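The structure under discussion appears below in the form of C-alpha cells.
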Amino acid sequence: MSLSMNDIQDTVRVRVVSRRRIARRVEEFVLAPSGGEALPPWSAGSHIDLHTPAGPVRQYSLLSSPDDRGSYRIAVERRLDSRGGSVSAHDDVEVGAEVTISLPRNHFALTRALGYVFVAGGIGITPVLALVDEAHRSGRPWRLVYVGRSRADMPFVEDVESTYPGLVTVHESVRSGRLDLGDELAGLARGTAVYTCGPPSMLDAVARLCEPQPAVDSFAEKFTATSTESEANAEFELSLAFSGVTVTVPPDRTILDVLDRRGVVAPSSCREGVCGTCETGVVSGEVDHRDSILSPEERSENESMMICVSRCTSGRLVLEL
C-alpha cells in the first residue's frame with residue numbers, strides 16, 4: 001500500500017535503516033517507513049523536516065532518487081554553533097531508531113532552461129545532487145562547480161566525479177585559495193539557469209554575477225535565515241478572516257508568537273523563514289517580507305507570507321486563518 005497526501009496530513013514516522021560517515025562532521029541517514037508502506041512522492045530539490053530527539057526541528061534535503069519510494073536519504077552536518085538539532089541527530093539518532101519527518105516540500109525545483117550551472121559549497125551539495133541527476137537525464141547541457149575547504153569536508157565528492165566525468169569542477173580552498181566565481185560564471189549563454197547552495201557570501205556572489213547577464217536566471221537554496229536586524233519593527237493589528245480573532249502584534253513578537261499565545265493553531269517548523277511550513281494567505285494589508293523563500297515576484301503579488309518572520313507595514317493585516 002502507498003501512503004497518499006490525504007492519508008497523512010503533516011508527518012510520517014520512519015525508521016533509520018542505515019547511517020554512515022560521508023565527510024568530516026557529515027553523516028548520511030537512510031530512512032524507511034516504519035510500517036513498510038511506500039513513502040510520499042517528491043521531486044528533485046525537495047527537503048523534509050526532521051524532528052530530532054532533543055526537540056529542535058531541522059530541514060534536510062532529500063538525496064535519493066525520486067523514483068525510489070522505499071527510502072529517503074539525508075545528510076546532516078554536525079554544527080556546534082547551531083541550536084542543537086544537528087548535534088541531536090548525530091548523537092541520538094542511531095540505526096533502528098524511529099523518528100518523525102514532515103512531508104517533502106520543494107522551494108528549489110528545477111526550472112525548464114536551455115542549460116544549467118550548479119554551484120555548491122560544502123554541505124550545500126545536498127539539494128544539488130537530485131537536481132544534477134534530473135538535469136543530466138533531461139539531456140540539456142550542465143556543469144557543476146563544487147567548492148569546499150578540502151575533499152575531506154566535501155560530501156559525495158568522489159560520487160559526483162565518478163558519475164559525471166568531465167562535468168564537475170572541484171575546488172579545494174585549502175589548496176587553491178578562494179575560488180573566483182567571476183571566472184566560472186562569466187559569459188553564460190542565454191537561457192541558462194544557475195542553481196546555488198552554500199554559504200551566504202556564495203549565494204550573494206552568484207546572484208550578483210548573474211543579474212546583469214541577459215536571460216540568465218539564478219536560484220538559491222538557503223540554510224540560514226535572511227538577517228532582519230536592520231529592520232524596524234512597528235506594532236500592527238492582525239485579524240484572522242476565518243476564525244474572527246483580532247489581536248495586536250507588538251514590535252518584540254512575531255505573528256506566530258502572538259497566535260501561539262492565543263491558542264490559534266498555525267503550522268510551523270523552523271521559525272526562521274527558511275522552510276515554508278508557516279506560509280499563510282494574505283487577505284489584505286501590506287507585507288514586510290523577511291523570509292528566504294519567496295521570489296521577488298511572489299513578494300510583489302502580496303498573496304502569502306511566512307508568519308514566523310514577516311511583518312506588516314500598513315498598520316493592519318488580515319490573514320486566511
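Chain labels run A, B, ... following the order of the C-alpha cells; each chain numbers its residues from 1, and ligands are numbered from 1 in the order shown.
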- Query: If you count only C-alpha atoms, which residues fall within 9 Å of stretch 233-247 of chain A, apart from same-chain ones fewer than 2 positions away, as a list of chain:residue names?
  - Reply: A:Glu231, A:Val249, A:Pro250, A:Pro251, A:Asp252, A:Ile255, A:Val258, A:Leu259, A:Arg262, A:Val264, A:Val283, A:Arg311, A:Cys312, A:Thr313, A:Ser314, A:Gly315, A:Arg316, A:Leu317, A:Val318, A:Leu319, A:Glu320, A:Leu321
- Message: Could you list, as a PyMOL selection string, every residue within 8 Å of stretch 211-213 of chain A, counting only C-alpha atoms and ignoring same-chain residues fewer than 5 positions away?
- Response: chain A and resi 187-188+218
- Item | stretch 27-37 of chain A surroundings by only C-alpha atoms, 9 Å radius, close-in-sequence under 2 positions cut, as an NGL selection string | :A and (1-3 or 12-25 or 39 or 69-78 or 90 or 93 or 95 or 98-99 or 155)
- Going by DSSP on the backbone, which bits of stretch 41-255 of chain A are alpha helix (DSSP H)? Write them as a PyMOL selection string, please. chain A and resi 85-92+126-138+157-163+173-176+181-184+200-210+255
Deliver the residues from the most recent selection as a file, using C-alpha atoms, as a PDB file, in the first residue's frame.
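New file out_26.pdb:
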ATOM      1  CA  GLY A  85      19.358  19.991  16.045  1.00  0.00           C
ATOM      2  CA  SER A  86      22.342  18.629  14.151  1.00  0.00           C
ATOM      3  CA  VAL A  87      24.069  17.555  17.364  1.00  0.00           C
ATOM      4  CA  SER A  88      20.985  15.601  18.407  1.00  0.00           C
ATOM      5  CA  ALA A  89      20.779  13.920  15.001  1.00  0.00           C
ATOM      6  CA  HIS A  90      24.417  12.825  15.275  1.00  0.00           C
ATOM      7  CA  ASP A  91      24.298  11.768  18.928  1.00  0.00           C
ATOM      8  CA  ASP A  92      20.759  10.456  19.378  1.00  0.00           C
ATOM      9  CA  THR A 126      22.904  18.095  -0.722  1.00  0.00           C
ATOM     10  CA  PRO A 127      19.976  19.831  -2.504  1.00  0.00           C
ATOM     11  CA  VAL A 128      22.003  19.958  -5.712  1.00  0.00           C
ATOM     12  CA  LEU A 129      22.522  16.192  -6.119  1.00  0.00           C
ATOM     13  CA  ALA A 130      18.967  15.380  -7.209  1.00  0.00           C
ATOM     14  CA  LEU A 131      18.850  18.496  -9.411  1.00  0.00           C
ATOM     15  CA  VAL A 132      22.040  17.431 -11.179  1.00  0.00           C
ATOM     16  CA  ASP A 133      20.578  13.990 -11.819  1.00  0.00           C
ATOM     17  CA  GLU A 134      17.408  15.488 -13.269  1.00  0.00           C
ATOM     18  CA  ALA A 135      19.360  17.906 -15.470  1.00  0.00           C
ATOM     19  CA  HIS A 136      21.556  15.055 -16.704  1.00  0.00           C
ATOM     20  CA  ARG A 137      18.535  12.944 -17.611  1.00  0.00           C
ATOM     21  CA  SER A 138      16.988  15.888 -19.457  1.00  0.00           C
ATOM     22  CA  VAL A 157      32.744  14.476  -3.919  1.00  0.00           C
ATOM     23  CA  GLU A 158      34.017  11.137  -5.231  1.00  0.00           C
ATOM     24  CA  ASP A 159      30.489  10.105  -6.201  1.00  0.00           C
ATOM     25  CA  VAL A 160      29.786  13.116  -8.402  1.00  0.00           C
ATOM     26  CA  GLU A 161      33.228  12.996 -10.018  1.00  0.00           C
ATOM     27  CA  SER A 162      32.900   9.324 -10.953  1.00  0.00           C
ATOM     28  CA  THR A 163      29.252   9.537 -12.019  1.00  0.00           C
ATOM     29  CA  SER A 173      40.245  26.267  -0.980  1.00  0.00           C
ATOM     30  CA  VAL A 174      42.934  24.927   1.364  1.00  0.00           C
ATOM     31  CA  ARG A 175      44.988  24.075  -1.708  1.00  0.00           C
ATOM     32  CA  SER A 176      43.954  26.668  -4.269  1.00  0.00           C
ATOM     33  CA  LEU A 181      33.321  32.783  -9.221  1.00  0.00           C
ATOM     34  CA  GLY A 182      33.559  35.597 -11.738  1.00  0.00           C
ATOM     35  CA  ASP A 183      35.614  33.329 -13.981  1.00  0.00           C
ATOM     36  CA  GLU A 184      33.234  30.393 -13.529  1.00  0.00           C
ATOM     37  CA  PRO A 200      25.542  33.293   2.291  1.00  0.00           C
ATOM     38  CA  SER A 201      28.556  35.002   0.724  1.00  0.00           C
ATOM     39  CA  MET A 202      28.498  32.464  -2.122  1.00  0.00           C
ATOM     40  CA  LEU A 203      24.787  32.936  -2.717  1.00  0.00           C
ATOM     41  CA  ASP A 204      25.193  36.714  -2.804  1.00  0.00           C
ATOM     42  CA  ALA A 205      28.134  36.484  -5.210  1.00  0.00           C
ATOM     43  CA  VAL A 206      26.311  34.164  -7.611  1.00  0.00           C
ATOM     44  CA  ALA A 207      23.216  36.386  -7.656  1.00  0.00           C
ATOM     45  CA  ARG A 208      25.350  39.482  -8.238  1.00  0.00           C
ATOM     46  CA  LEU A 209      27.267  37.880 -11.112  1.00  0.00           C
ATOM     47  CA  CYS A 210      24.174  36.526 -12.843  1.00  0.00           C
ATOM     48  CA  ILE A 255       2.809  36.904  14.306  1.00  0.00           C
TER      49      ILE A 255
END
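Closest approach to A:Ser284 from the set A:Asn302, A:Ser268, A:Thr248, A:Ser310 is made by A:Asn302, with distances taken over only C-alpha atoms.
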- Task: Identify all residues of stretch 186-300 of chain A in strand (DSSP E) (DSSP on the backbone) and supply them as a list in words.
- Result: Thr192, Ala193, Val194, Tyr195, Thr196, Cys197, Asp217, Ser218, Phe219, Ala220, Glu221, Phe236, Glu237, Leu238, Ser239, Leu240, Thr246, Val247, Thr248, Val249, Glu279, Thr280, Gly281, Val282, Val283, Ser284, Val287 and Asp288 of chain A
- Restricting to only C-alpha atoms, whichever of A:Leu144, A:Ala54, A:Val287, A:Ala220 is closest to A:Leu185 is A:Leu144
Dump as JSON lines the rows for residues of stretch 12-76 of chain A within 7 Å of stretch 101-114 of chain A: closest atom pair and distance in Å with one decimal, only C-alpha atoms counted, ordered by chain and rising residue number.
{"residue": "A:Val12", "atom": "CA", "partner": "A:Ile101", "partner_atom": "CA", "distance": 5.3}
{"residue": "A:Arg13", "atom": "CA", "partner": "A:Ile101", "partner_atom": "CA", "distance": 6.4}
{"residue": "A:Trp42", "atom": "CA", "partner": "A:Pro104", "partner_atom": "CA", "distance": 6.0}
{"residue": "A:Ala44", "atom": "CA", "partner": "A:Ala109", "partner_atom": "CA", "distance": 6.1}
{"residue": "A:Gly45", "atom": "CA", "partner": "A:Phe108", "partner_atom": "CA", "distance": 4.9}
{"residue": "A:Ser46", "atom": "CA", "partner": "A:Asn106", "partner_atom": "CA", "distance": 4.1}
{"residue": "A:His47", "atom": "CA", "partner": "A:Pro104", "partner_atom": "CA", "distance": 5.4}
{"residue": "A:Ile48", "atom": "CA", "partner": "A:Pro104", "partner_atom": "CA", "distance": 4.8}
{"residue": "A:Asp49", "atom": "CA", "partner": "A:Ser102", "partner_atom": "CA", "distance": 5.0}
{"residue": "A:Leu50", "atom": "CA", "partner": "A:Ile101", "partner_atom": "CA", "distance": 4.7}
{"residue": "A:His51", "atom": "CA", "partner": "A:Ile101", "partner_atom": "CA", "distance": 6.0}
- Task: Write out as an MDAnalysis selection string each polymer residue whose atoms come within 9 Å of A:Arg149, counting only C-alpha atoms; drop sequence neighbours fewer than 3 positions from it.
- Result: chainID A and resid 121:122 152:154 171:175 177
Please produce an output containing C-alpha atoms for each residue in the selection, written as a short mmCIF file (atom, residue, chain, number, x, y, z; two decimals), in the first residue's frame.
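Saved the output as part-v7.cif:
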data_model
loop_
_atom_site.label_atom_id
_atom_site.label_comp_id
_atom_site.auth_asym_id
_atom_site.auth_seq_id
_atom_site.Cartn_x
_atom_site.Cartn_y
_atom_site.Cartn_z
CA GLY A 121 29.62 24.95 -1.25
CA GLY A 122 30.34 22.16 1.26
CA ALA A 152 37.60 15.59 3.45
CA ASP A 153 34.96 18.28 4.11
CA MET A 154 33.04 17.69 0.85
CA HIS A 171 37.84 23.42 -5.88
CA GLU A 172 39.65 22.88 -2.57
CA SER A 173 40.25 26.27 -0.98
CA VAL A 174 42.93 24.93 1.36
CA ARG A 175 44.99 24.08 -1.71
CA GLY A 177 42.74 29.63 -2.22
#
- What does the distance from atom CA of A:Gly96 to atom CA of A:Ala38 come to in Å, to one decimal? 18.1 Å
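You can rank A:Ser43, A:Ser65, A:Ser150, A:Gln59 by their closest distance to A:Gly276 using only C-alpha atoms, and at the top of that list sits A:Gln59.
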- If you measure from atom CA of A:Val282 to atom CA of A:Ala266, what distance in Å do you get, rounded to one decimal? 14.0 Å
